[in-house]
file run.cif (mmCIF, C-alpha atoms)
data_entry
#
loop_
_atom_site.label_atom_id
_atom_site.label_comp_id
_atom_site.auth_asym_id
_atom_site.auth_seq_id
_atom_site.Cartn_x
_atom_site.Cartn_y
_atom_site.Cartn_z
CA MET A 1 0.00 0.00 0.00
CA LEU A 2 2.87 2.32 0.86
CA ARG A 3 4.50 1.53 -2.47
CA THR A 4 1.28 2.38 -4.36
CA GLY A 5 1.07 5.67 -2.51
CA SER A 6 4.67 6.46 -3.45
CA VAL A 7 3.97 5.75 -7.13
CA TRP A 8 0.96 8.05 -7.14
CA ALA A 9 2.94 10.71 -5.34
CA GLY A 10 5.60 10.50 -8.05
CA VAL A 11 2.99 10.77 -10.81
CA CYS A 12 1.39 13.79 -9.15
CA PHE A 13 4.79 15.40 -8.72
CA ALA A 14 5.57 14.87 -12.45
CA ILE A 15 2.24 16.39 -13.45
CA ALA A 16 2.88 19.35 -11.16
CA LEU A 17 6.27 19.90 -12.80
CA ILE A 18 4.72 19.83 -16.27
CA MET A 19 2.00 22.31 -15.32
CA ALA A 20 4.45 24.57 -13.54
CA SER A 21 6.90 24.62 -16.44
CA SER A 22 4.13 25.38 -18.95
CA ALA A 23 2.38 27.97 -16.80
CA GLY A 24 4.59 30.76 -18.06
CA ALA A 25 4.50 29.62 -21.70
CA SER A 26 3.29 32.10 -24.27
CA THR A 27 -0.11 31.69 -25.89
CA VAL A 28 -0.24 29.20 -28.77
CA SER A 29 -2.21 30.33 -31.84
CA MET A 30 -4.20 27.75 -33.79
CA SER A 31 -5.99 28.55 -37.02
CA ILE A 32 -7.95 27.12 -39.92
CA PRO A 33 -7.17 28.90 -43.22
CA ASP A 34 -9.82 30.02 -45.69
CA THR A 35 -10.27 27.47 -48.46
CA THR A 36 -11.92 27.41 -51.87
CA ALA A 37 -13.65 24.20 -52.96
CA GLY A 38 -16.23 23.04 -55.48
CA ARG A 39 -19.45 21.14 -54.94
CA GLY A 40 -18.67 17.45 -54.59
CA ASP A 41 -15.00 18.07 -53.69
CA THR A 42 -13.38 16.11 -50.88
CA LEU A 43 -10.40 17.92 -49.38
CA TYR A 44 -8.22 17.91 -46.30
CA ILE A 45 -8.25 21.27 -44.54
CA PRO A 46 -5.17 21.98 -42.41
CA MET A 47 -5.25 23.26 -38.87
CA TRP A 48 -2.07 25.23 -38.17
CA SER A 49 -0.27 25.88 -34.90
CA THR A 50 2.45 28.29 -33.85
CA ASP A 51 5.54 26.90 -32.10
CA VAL A 52 4.75 24.58 -29.18
CA THR A 53 8.38 23.72 -28.40
CA ASP A 54 9.16 24.01 -24.67
CA SER A 55 5.42 24.28 -23.88
CA ASN A 56 5.33 20.70 -22.57
CA VAL A 57 2.22 19.74 -24.54
CA TYR A 58 1.25 16.15 -23.76
CA SER A 59 -2.41 16.24 -24.81
CA TYR A 60 -4.89 18.29 -26.81
CA GLN A 61 -8.59 18.54 -27.53
CA PHE A 62 -10.67 20.93 -29.60
CA VAL A 63 -14.09 21.32 -31.19
CA ILE A 64 -14.88 22.48 -34.76
CA SER A 65 -18.40 23.73 -35.50
CA TYR A 66 -19.78 23.58 -39.05
CA ASP A 67 -22.98 23.62 -41.09
CA SER A 68 -23.94 20.05 -42.04
CA THR A 69 -26.19 21.28 -44.85
CA PHE A 70 -23.05 22.40 -46.70
CA ILE A 71 -20.31 19.93 -45.68
CA GLU A 72 -19.73 16.49 -44.21
CA ILE A 73 -16.77 15.56 -41.97
CA VAL A 74 -15.22 12.34 -43.30
CA ASP A 75 -11.83 12.02 -41.56
CA VAL A 76 -9.25 13.54 -39.23
CA THR A 77 -5.58 12.69 -39.71
CA ASP A 78 -2.21 13.76 -38.32
CA ASP A 79 -0.17 12.47 -41.29
CA GLY A 80 2.84 14.76 -41.74
CA ALA A 81 1.80 16.92 -38.77
CA ILE A 82 3.78 17.88 -35.68
CA THR A 83 1.40 15.59 -33.77
CA ASP A 84 2.42 12.65 -35.99
CA ALA A 85 5.03 11.49 -33.49
CA GLY A 86 5.88 7.94 -32.44
CA PRO A 87 4.79 8.19 -28.79
CA TRP A 88 1.49 9.94 -29.72
CA MET A 89 -1.84 8.26 -30.41
CA SER A 90 -3.63 8.88 -33.69
CA PRO A 91 -6.32 11.53 -33.21
CA THR A 92 -9.68 10.26 -32.01
CA TRP A 93 -12.70 12.11 -33.34
CA HIS A 94 -16.47 12.00 -33.30
CA ILE A 95 -19.42 14.12 -34.34
CA ILE A 96 -21.27 15.59 -31.38
CA ALA A 97 -24.89 14.55 -31.92
CA GLY A 98 -27.32 17.38 -32.50
CA GLN A 99 -24.67 20.10 -32.32
CA GLU A 100 -23.07 20.09 -35.81
CA SER A 101 -19.69 19.93 -34.11
CA LEU A 102 -16.58 17.76 -34.41
CA ARG A 103 -14.54 16.87 -31.32
CA VAL A 104 -10.90 15.81 -31.74
CA ALA A 105 -8.45 14.66 -29.05
CA SER A 106 -5.13 12.88 -28.60
CA ALA A 107 -2.27 12.43 -26.13
CA GLY A 108 1.31 11.25 -26.06
CA THR A 109 4.15 10.30 -23.72
CA GLU A 110 6.60 12.91 -25.06
CA PRO A 111 5.96 16.66 -25.47
CA LEU A 112 5.21 18.10 -28.90
CA SER A 113 7.73 20.35 -30.62
CA GLY A 114 7.82 22.62 -33.65
CA GLN A 115 5.18 24.56 -35.51
CA GLY A 116 3.04 24.04 -38.61
CA LEU A 117 0.41 21.46 -39.46
CA PHE A 118 -1.37 20.20 -36.31
CA VAL A 119 -4.03 17.97 -37.87
CA SER A 120 -5.93 17.82 -41.16
CA VAL A 121 -9.72 17.57 -41.27
CA GLY A 122 -11.24 15.66 -44.19
CA VAL A 123 -14.30 17.48 -45.54
CA ARG A 124 -16.70 16.65 -48.37
CA VAL A 125 -18.66 19.53 -49.88
CA MET A 126 -22.26 18.50 -50.49
CA ASP A 127 -23.39 18.25 -54.11
CA SER A 128 -26.43 20.27 -53.07
CA ALA A 129 -24.38 23.14 -51.63
CA PRO A 130 -25.15 26.33 -53.58
CA SER A 131 -22.34 27.80 -55.66
CA ASP A 132 -20.87 31.13 -54.54
CA SER A 133 -21.78 30.36 -50.94
CA SER A 134 -19.58 29.83 -47.88
CA VAL A 135 -19.53 27.83 -44.67
CA TYR A 136 -17.62 28.78 -41.52
CA LEU A 137 -15.50 26.29 -39.60
CA GLY A 138 -15.45 27.60 -36.04
CA LEU A 139 -12.58 26.55 -33.77
CA HIS A 140 -13.64 26.21 -30.10
CA GLN A 141 -12.63 24.67 -26.78
CA CYS A 142 -8.97 24.35 -27.75
CA ILE A 143 -7.23 22.89 -24.71
CA LEU A 144 -3.57 21.89 -24.44
CA ASN A 145 -2.78 19.71 -21.43
CA GLU A 146 -5.24 20.84 -18.75
CA GLY A 147 -5.40 24.40 -20.07
CA SER A 148 -1.78 25.53 -20.14
CA PRO A 149 -0.39 26.95 -22.34
CA ALA A 150 -3.38 29.03 -23.38
CA VAL A 151 -4.66 28.81 -26.96
CA SER A 152 -5.83 31.59 -29.26
CA PRO A 153 -8.13 29.92 -31.86
CA ASP A 154 -9.16 31.30 -35.26
CA GLY A 155 -11.60 29.57 -37.60
CA GLY A 156 -11.83 29.80 -41.38
CA TYR A 157 -14.27 29.77 -44.28
CA ILE A 158 -14.80 27.29 -47.10
CA PHE A 159 -15.83 29.31 -50.17
CA ILE A 160 -17.87 27.07 -52.45
CA THR A 161 -17.57 27.65 -56.21
CA THR A 162 -18.53 25.88 -59.41
CA VAL A 163 -16.56 22.63 -59.44
CA GLY A 164 -12.98 23.04 -60.61
CA VAL A 165 -13.13 26.50 -62.17
CA ASP A 166 -12.62 30.01 -60.84
CA ARG A 167 -11.96 33.36 -62.57
CA ILE A 168 -9.94 36.08 -60.92
CA PRO A 169 -9.76 39.54 -62.57
CA ASP A 170 -6.70 41.73 -62.02
CA GLU A 171 -6.62 45.52 -61.72
CA GLY A 172 -6.13 45.97 -65.45
CA GLY A 173 -9.28 44.04 -66.30
CA GLY A 174 -7.45 40.98 -67.66
CA GLN A 175 -8.32 37.50 -66.53
CA VAL A 176 -6.67 34.26 -65.55
CA ARG A 177 -8.65 31.02 -65.67
CA ILE A 178 -7.94 28.39 -63.02
CA GLU A 179 -8.91 24.79 -63.65
CA ARG A 180 -8.49 21.74 -61.44
CA ILE A 181 -7.31 18.92 -63.69
CA SER A 182 -6.96 16.36 -60.88
CA PRO A 183 -7.13 16.43 -57.06
CA THR A 184 -3.41 17.20 -56.96
CA ALA A 185 -2.95 19.30 -60.09
CA VAL A 186 -4.10 22.80 -61.03
CA ARG A 187 -3.79 24.64 -64.36
CA TRP A 188 -3.71 28.41 -64.91
CA GLU A 189 -4.51 29.91 -68.33
CA LEU A 190 -3.92 33.58 -69.10
CA ALA A 191 -6.40 35.38 -71.34
CA SER A 192 -3.57 37.60 -72.61
CA ALA A 193 -0.95 36.27 -75.01
CA ASP A 194 1.68 38.59 -73.49
CA THR A 195 3.32 35.87 -71.41
CA HIS A 196 6.97 36.02 -72.51
CA GLY A 197 9.11 35.28 -69.43
CA ALA A 198 6.08 34.74 -67.19
CA ARG A 199 6.55 32.58 -64.10
CA LEU A 200 4.20 31.03 -61.59
CA GLN A 201 5.40 31.07 -57.96
CA ILE A 202 3.81 28.83 -55.32
CA TYR A 203 3.98 29.48 -51.55
CA ASP A 204 2.64 27.55 -48.57
CA ALA A 205 0.23 28.88 -45.94
CA PHE A 206 3.15 30.37 -43.98
CA GLY A 207 4.44 32.27 -47.02
CA ARG A 208 7.38 29.93 -47.58
CA PHE A 209 8.46 29.36 -51.19
CA VAL A 210 7.41 25.96 -52.57
CA THR A 211 8.27 25.99 -56.27
CA SER A 212 8.35 27.98 -59.51
CA VAL A 213 6.56 26.86 -62.68
CA GLY A 214 7.21 28.03 -66.22
CA PRO A 215 4.68 28.16 -69.07
CA ALA A 216 3.87 24.90 -70.82
CA GLY A 217 5.58 24.22 -74.13
CA SER A 218 7.36 27.55 -74.75
CA GLU A 219 8.00 30.93 -73.15
CA ASP A 220 5.07 32.36 -75.12
CA ALA A 221 2.59 29.70 -73.94
CA THR A 222 -0.40 30.89 -71.92
CA THR A 223 -0.86 27.87 -69.64
CA PHE A 224 0.92 26.95 -66.39
CA THR A 225 0.39 23.63 -64.62
CA TRP A 226 1.35 22.78 -61.05
CA LYS A 227 1.17 19.10 -60.14
CA GLY A 228 1.34 19.57 -56.38
CA ARG A 229 5.10 19.08 -55.98
CA ASN A 230 7.82 21.24 -54.47
CA SER A 231 11.04 22.34 -56.14
CA ASP A 232 12.70 19.03 -55.17
CA GLY A 233 9.95 17.06 -56.90
CA ASP A 234 8.39 15.82 -53.67
CA ALA A 235 4.60 15.76 -53.30
CA VAL A 236 3.31 18.51 -51.01
CA SER A 237 0.73 17.79 -48.32
CA GLY A 238 -2.93 18.56 -48.91
CA GLY A 239 -4.05 22.05 -47.97
CA VAL A 240 -4.14 25.68 -49.05
CA TYR A 241 -1.35 27.24 -51.14
CA PHE A 242 -0.88 30.74 -52.50
CA TYR A 243 0.20 31.58 -56.03
CA SER A 244 1.68 34.62 -57.73
CA LEU A 245 1.61 34.72 -61.52
CA SER A 246 3.56 37.56 -63.16
CA SER A 247 3.10 38.41 -66.83
CA GLY A 248 4.88 41.53 -68.00
CA GLU A 249 3.70 44.36 -65.76
CA LYS A 250 0.58 42.43 -64.70
CA LYS A 251 0.40 40.31 -61.58
CA TYR A 252 -2.22 37.77 -60.54
CA SER A 253 -2.40 36.20 -57.11
CA GLY A 254 -4.75 34.05 -55.09
CA LYS A 255 -4.98 30.67 -53.43
CA VAL A 256 -5.65 27.09 -54.44
CA CYS A 257 -6.19 23.90 -52.50
CA ILE A 258 -4.37 20.62 -53.09
CA LEU A 259 -6.69 17.68 -52.36
CA ARG A 260 -5.22 14.51 -50.91
#

call {"tool": "encode", "arguments": {"input": "run.cif", "output": "C-alpha cells"}}
result
Amino acid sequence: MLRTGSVWAGVCFAIALIMASSAGASTVSMSIPDTTAGRGDTLYIPMWSTDVTDSNVYSYQFVISYDSTFIEIVDVTDDGAITDAGPWMSPTWHIIAGQESLRVASAGTEPLSGQGLFVSVGVRVMDSAPSDSSVYLGLHQCILNEGSPAVSPDGGYIFITTVGVDRIPDEGGGQVRIERISPTAVRWELASADTHGARLQIYDAFGRFVTSVGPAGSEDATTFTWKGRNSDGDAVSGGVYFYSLSSGEKKYSGKVCILR
C-alpha cells in the first residue's frame, strides 16, 4: 500500500512539474485557413499551430463547429503533422450529436515540438451546396494539457464555387482562368498572349516558397500547370497554397487547394 502511494505521489509530482513549467508559456495560436472548394469536392483542410516547443504539450482537444447542410466531416488525420510522433496516439474524433460539431483529441508520452500542421480535417462539400456560398468552420474549446499553455483559436471559411473553375480579374481588367485537372494538379490559363518570361510562384500557408513553374511548351505559352510538388519534386501535403503569376507588368495572385 505504501508503495502504491509512493507511485501516485511520483505521478502527481511529475504532473505538477509539467504544469508549472508550462504555466509561463506564451499563448499558442491555432488557425484554420480560408479554403476554396467546389461542390462534390473532398479535401483535407489543415489546422495550423504556432511553435509549441518548450510548452510541454502532452495532450490536446478541440471542437470544430460547421454547417452540415453544406459539408460532411469524413476524416481527421495527423499524417505529416507535428502531432504525428511515435509516442502519440492517432487523433480520435467523433461528431457531437445534435450540435453540428466535431470533437478531436489525442495524447502522447513525449511533449510536442515545432510549428506548422497540427491535424488535417477531411471534408466533403455536399453536391447540393449552392455555388458562390460559404460555410464557416469555427474553432472552439482548444485545450492543451489541462489548459496551459493558453490557446488563441481562429476559424476559417470554405468558399464554395462551381466545381474546378474560378476566374480572378486583375486591376487591369485581364483574366486568368484556373482549372483543377486532378485532385493534386491545377492549371492556370492567361487570357492575354503577353506571357513572354512569365513565371508562376507557389507558396505555402506560412508564405514559404514551394516551387516555380514556367509556361507549358514555350516561353510564349499561356498555360501553367502545377502538379502539387515542391522544387525538389516531392509531393506537397494537402491544404491551401498561394500563387503569384507575373506576366509583363501584370500580376495575378490568389490561393488554391491541393486535395489529398

call {"tool": "closest_residue", "arguments": {"input": "run.cif", "among": "A:Met47, A:Ala105, A:Leu112, A:Val240", "to": "Gly207 in chain A", "atoms": "only C-alpha atoms"}}
result
A:Val240

call {"tool": "atom_distance", "arguments": {"input": "run.cif", "atom1": "CA of Val151 in chain A", "atom2": "CA of Leu259 in chain A"}}
result
27.8 Å

call {"tool": "residues_near_point", "arguments": {"input": "run.cif", "point": "(-20.2, 27.2, -51.5)", "cutoff": "10 Å", "atoms": "only C-alpha atoms", "output": "compact mmCIF listing (two decimals) with C-alpha atoms, keeping the file's coordinate frame"}}
result
# COMPACT_ATOMS: atom_id res chain seq x y z
CA THR A 36 -11.92 27.41 -51.87
CA ALA A 37 -13.65 24.20 -52.96
CA GLY A 38 -16.23 23.04 -55.48
CA ARG A 39 -19.45 21.14 -54.94
CA PHE A 70 -23.05 22.40 -46.70
CA ILE A 71 -20.31 19.93 -45.68
CA VAL A 125 -18.66 19.53 -49.88
CA MET A 126 -22.26 18.50 -50.49
CA ASP A 127 -23.39 18.25 -54.11
CA SER A 128 -26.43 20.27 -53.07
CA ALA A 129 -24.38 23.14 -51.63
CA PRO A 130 -25.15 26.33 -53.58
CA SER A 131 -22.34 27.80 -55.66
CA ASP A 132 -20.87 31.13 -54.54
CA SER A 133 -21.78 30.36 -50.94
CA SER A 134 -19.58 29.83 -47.88
CA VAL A 135 -19.53 27.83 -44.67
CA TYR A 157 -14.27 29.77 -44.28
CA ILE A 158 -14.80 27.29 -47.10
CA PHE A 159 -15.83 29.31 -50.17
CA ILE A 160 -17.87 27.07 -52.45
CA THR A 161 -17.57 27.65 -56.21
CA THR A 162 -18.53 25.88 -59.41
CA VAL A 163 -16.56 22.63 -59.44

call {"tool": "resolve_selection", "arguments": {"input": "run.cif", "expression": "the PyMOL selection byres ((chain A and resi 93) around 12)", "output": "list in words"}}
result
Tyr60, Gln61, Phe62, Val63, Ile64, Ile73, Val74, Asp75, Val76, Thr77, Asp78, Met89, Ser90, Pro91, Thr92, His94, Ile95, Ile96, Ser101, Leu102, Arg103, Val104, Ala105, Ser106, Val119, Ser120, Val121 and Gly122 of chain A

call {"tool": "resolve_selection", "arguments": {"input": "run.cif", "expression": "the PyMOL selection byres ((chain A and resi 253) around 7)", "output": "JSON, numbers by chain"}}
result
{"A": [243, 244, 245, 251, 252, 254]}

call {"tool": "resolve_selection", "arguments": {"input": "run.cif", "expression": "the PyMOL selection byres ((chain A and resi 188) around 6)", "output": "compact mmCIF listing (two decimals) with C-alpha atoms, in the frame of the given file"}}
result
# COMPACT_ATOMS: atom_id res chain seq x y z
CA ARG A 177 -8.65 31.02 -65.67
CA ILE A 178 -7.94 28.39 -63.02
CA ARG A 187 -3.79 24.64 -64.36
CA GLU A 189 -4.51 29.91 -68.33
CA THR A 223 -0.86 27.87 -69.64
CA PHE A 224 0.92 26.95 -66.39

call {"tool": "closest_residue", "arguments": {"input": "run.cif", "among": "A:Pro215, A:Gly155, A:Pro149, A:Gly228", "to": "Ile45 in chain A", "atoms": "all atoms listed in the file"}}
result
A:Gly155

call {"tool": "closest_residue", "arguments": {"input": "run.cif", "among": "A:Val123, A:Ile32, A:Leu144, A:Ala81", "to": "Ala107 in chain A", "atoms": "all atoms listed in the file"}}
result
A:Leu144

call {"tool": "atom_distance", "arguments": {"input": "run.cif", "atom1": "CA of Asp34 in chain A", "atom2": "CA of Asp51 in chain A"}}
result
20.7 Å

call {"tool": "residues_near_point", "arguments": {"input": "run.cif", "point": "(10.0, 11.8, -33.2)", "cutoff": "12 Å", "atoms": "all atoms listed in the file", "output": "list of chain:residue names"}}
result
A:Gly80, A:Ala81, A:Ile82, A:Thr83, A:Asp84, A:Ala85, A:Gly86, A:Pro87, A:Trp88, A:Gly108, A:Thr109, A:Glu110, A:Pro111, A:Leu112, A:Ser113, A:Gly114

call {"tool": "atom_distance", "arguments": {"input": "run.cif", "atom1": "CA of Arg199 in chain A", "atom2": "CA of Cys257 in chain A"}}
result
19.3 Å

call {"tool": "closest_residue", "arguments": {"input": "run.cif", "among": "A:Ser247, A:Asn145, A:Ser212, A:Ser237", "to": "Pro46 in chain A", "atoms": "only C-alpha atoms"}}
result
A:Ser237

call {"tool": "closest_residue", "arguments": {"input": "run.cif", "among": "A:Ala191, A:Cys142, A:Val176, A:Ile258", "to": "Ala205 in chain A", "atoms": "only C-alpha atoms"}}
result
A:Ile258

call {"tool": "closest_residue", "arguments": {"input": "run.cif", "among": "A:Leu200, A:Val52, A:Val186, A:Val256", "to": "Leu117 in chain A", "atoms": "all atoms listed in the file"}}
result
A:Val52

call {"tool": "build_atoms", "arguments": {"input": "run.cif", "residues": "range 51-77 of chain A", "atoms": "N, CA and C atoms", "output": "tab-separated table (two decimals), keeping the file's coordinate frame"}}
result
chain	number	residue	atom	x	y	z
A	51	ASP	N	4.55	27.77	-32.73
A	51	ASP	CA	5.54	26.90	-32.10
A	51	ASP	C	5.10	26.45	-30.70
A	52	VAL	N	5.11	25.13	-30.49
A	52	VAL	CA	4.75	24.58	-29.18
A	52	VAL	C	5.97	24.01	-28.46
A	53	THR	N	7.16	24.21	-29.03
A	53	THR	CA	8.38	23.72	-28.40
A	53	THR	C	8.53	24.36	-27.01
A	54	ASP	N	8.94	23.57	-26.05
A	54	ASP	CA	9.16	24.01	-24.67
A	54	ASP	C	7.86	24.38	-23.95
A	55	SER	N	6.70	24.04	-24.55
A	55	SER	CA	5.42	24.28	-23.88
A	55	SER	C	4.91	23.04	-23.15
A	56	ASN	N	5.67	21.95	-23.26
A	56	ASN	CA	5.33	20.70	-22.57
A	56	ASN	C	3.89	20.25	-22.86
A	57	VAL	N	3.56	20.17	-24.15
A	57	VAL	CA	2.22	19.74	-24.54
A	57	VAL	C	2.18	18.22	-24.66
A	58	TYR	N	1.39	17.59	-23.78
A	58	TYR	CA	1.25	16.15	-23.76
A	58	TYR	C	-0.14	15.69	-24.21
A	59	SER	N	-1.07	16.61	-24.37
A	59	SER	CA	-2.41	16.24	-24.81
A	59	SER	C	-3.09	17.46	-25.42
A	60	TYR	N	-4.10	17.20	-26.24
A	60	TYR	CA	-4.89	18.29	-26.81
A	60	TYR	C	-6.32	17.82	-27.04
A	61	GLN	N	-7.22	18.79	-27.10
A	61	GLN	CA	-8.59	18.54	-27.53
A	61	GLN	C	-9.15	19.85	-28.07
A	62	PHE	N	-10.03	19.75	-29.04
A	62	PHE	CA	-10.67	20.93	-29.60
A	62	PHE	C	-11.97	20.52	-30.28
A	63	VAL	N	-12.80	21.53	-30.54
A	63	VAL	CA	-14.09	21.32	-31.19
A	63	VAL	C	-14.17	22.23	-32.41
A	64	ILE	N	-14.64	21.70	-33.55
A	64	ILE	CA	-14.88	22.48	-34.76
A	64	ILE	C	-16.37	22.46	-35.05
A	65	SER	N	-16.98	23.63	-35.13
A	65	SER	CA	-18.40	23.73	-35.50
A	65	SER	C	-18.51	23.95	-37.00
A	66	TYR	N	-19.61	23.48	-37.60
A	66	TYR	CA	-19.78	23.58	-39.05
A	66	TYR	C	-21.27	23.46	-39.38
A	67	ASP	N	-21.60	23.72	-40.62
A	67	ASP	CA	-22.98	23.62	-41.09
A	67	ASP	C	-23.12	22.33	-41.91
A	68	SER	N	-23.84	21.35	-41.38
A	68	SER	CA	-23.94	20.05	-42.04
A	68	SER	C	-24.79	20.07	-43.31
A	69	THR	N	-25.47	21.19	-43.59
A	69	THR	CA	-26.19	21.28	-44.85
A	69	THR	C	-25.25	21.61	-46.00
A	70	PHE	N	-24.03	22.05	-45.67
A	70	PHE	CA	-23.05	22.40	-46.70
A	70	PHE	C	-21.93	21.36	-46.81
A	71	ILE	N	-21.46	20.84	-45.66
A	71	ILE	CA	-20.31	19.93	-45.68
A	71	ILE	C	-20.55	18.73	-44.79
A	72	GLU	N	-19.73	17.69	-45.02
A	72	GLU	CA	-19.73	16.49	-44.21
A	72	GLU	C	-18.30	16.22	-43.76
A	73	ILE	N	-18.09	15.94	-42.48
A	73	ILE	CA	-16.77	15.56	-41.97
A	73	ILE	C	-16.56	14.08	-42.25
A	74	VAL	N	-15.45	13.74	-42.93
A	74	VAL	CA	-15.22	12.34	-43.30
A	74	VAL	C	-13.98	11.74	-42.64
A	75	ASP	N	-13.08	12.57	-42.11
A	75	ASP	CA	-11.83	12.02	-41.56
A	75	ASP	C	-11.08	13.09	-40.79
A	76	VAL	N	-10.23	12.66	-39.89
A	76	VAL	CA	-9.25	13.54	-39.23
A	76	VAL	C	-7.94	12.77	-39.20
A	77	THR	N	-6.86	13.38	-39.66
A	77	THR	CA	-5.58	12.69	-39.71
A	77	THR	C	-4.46	13.60	-39.24
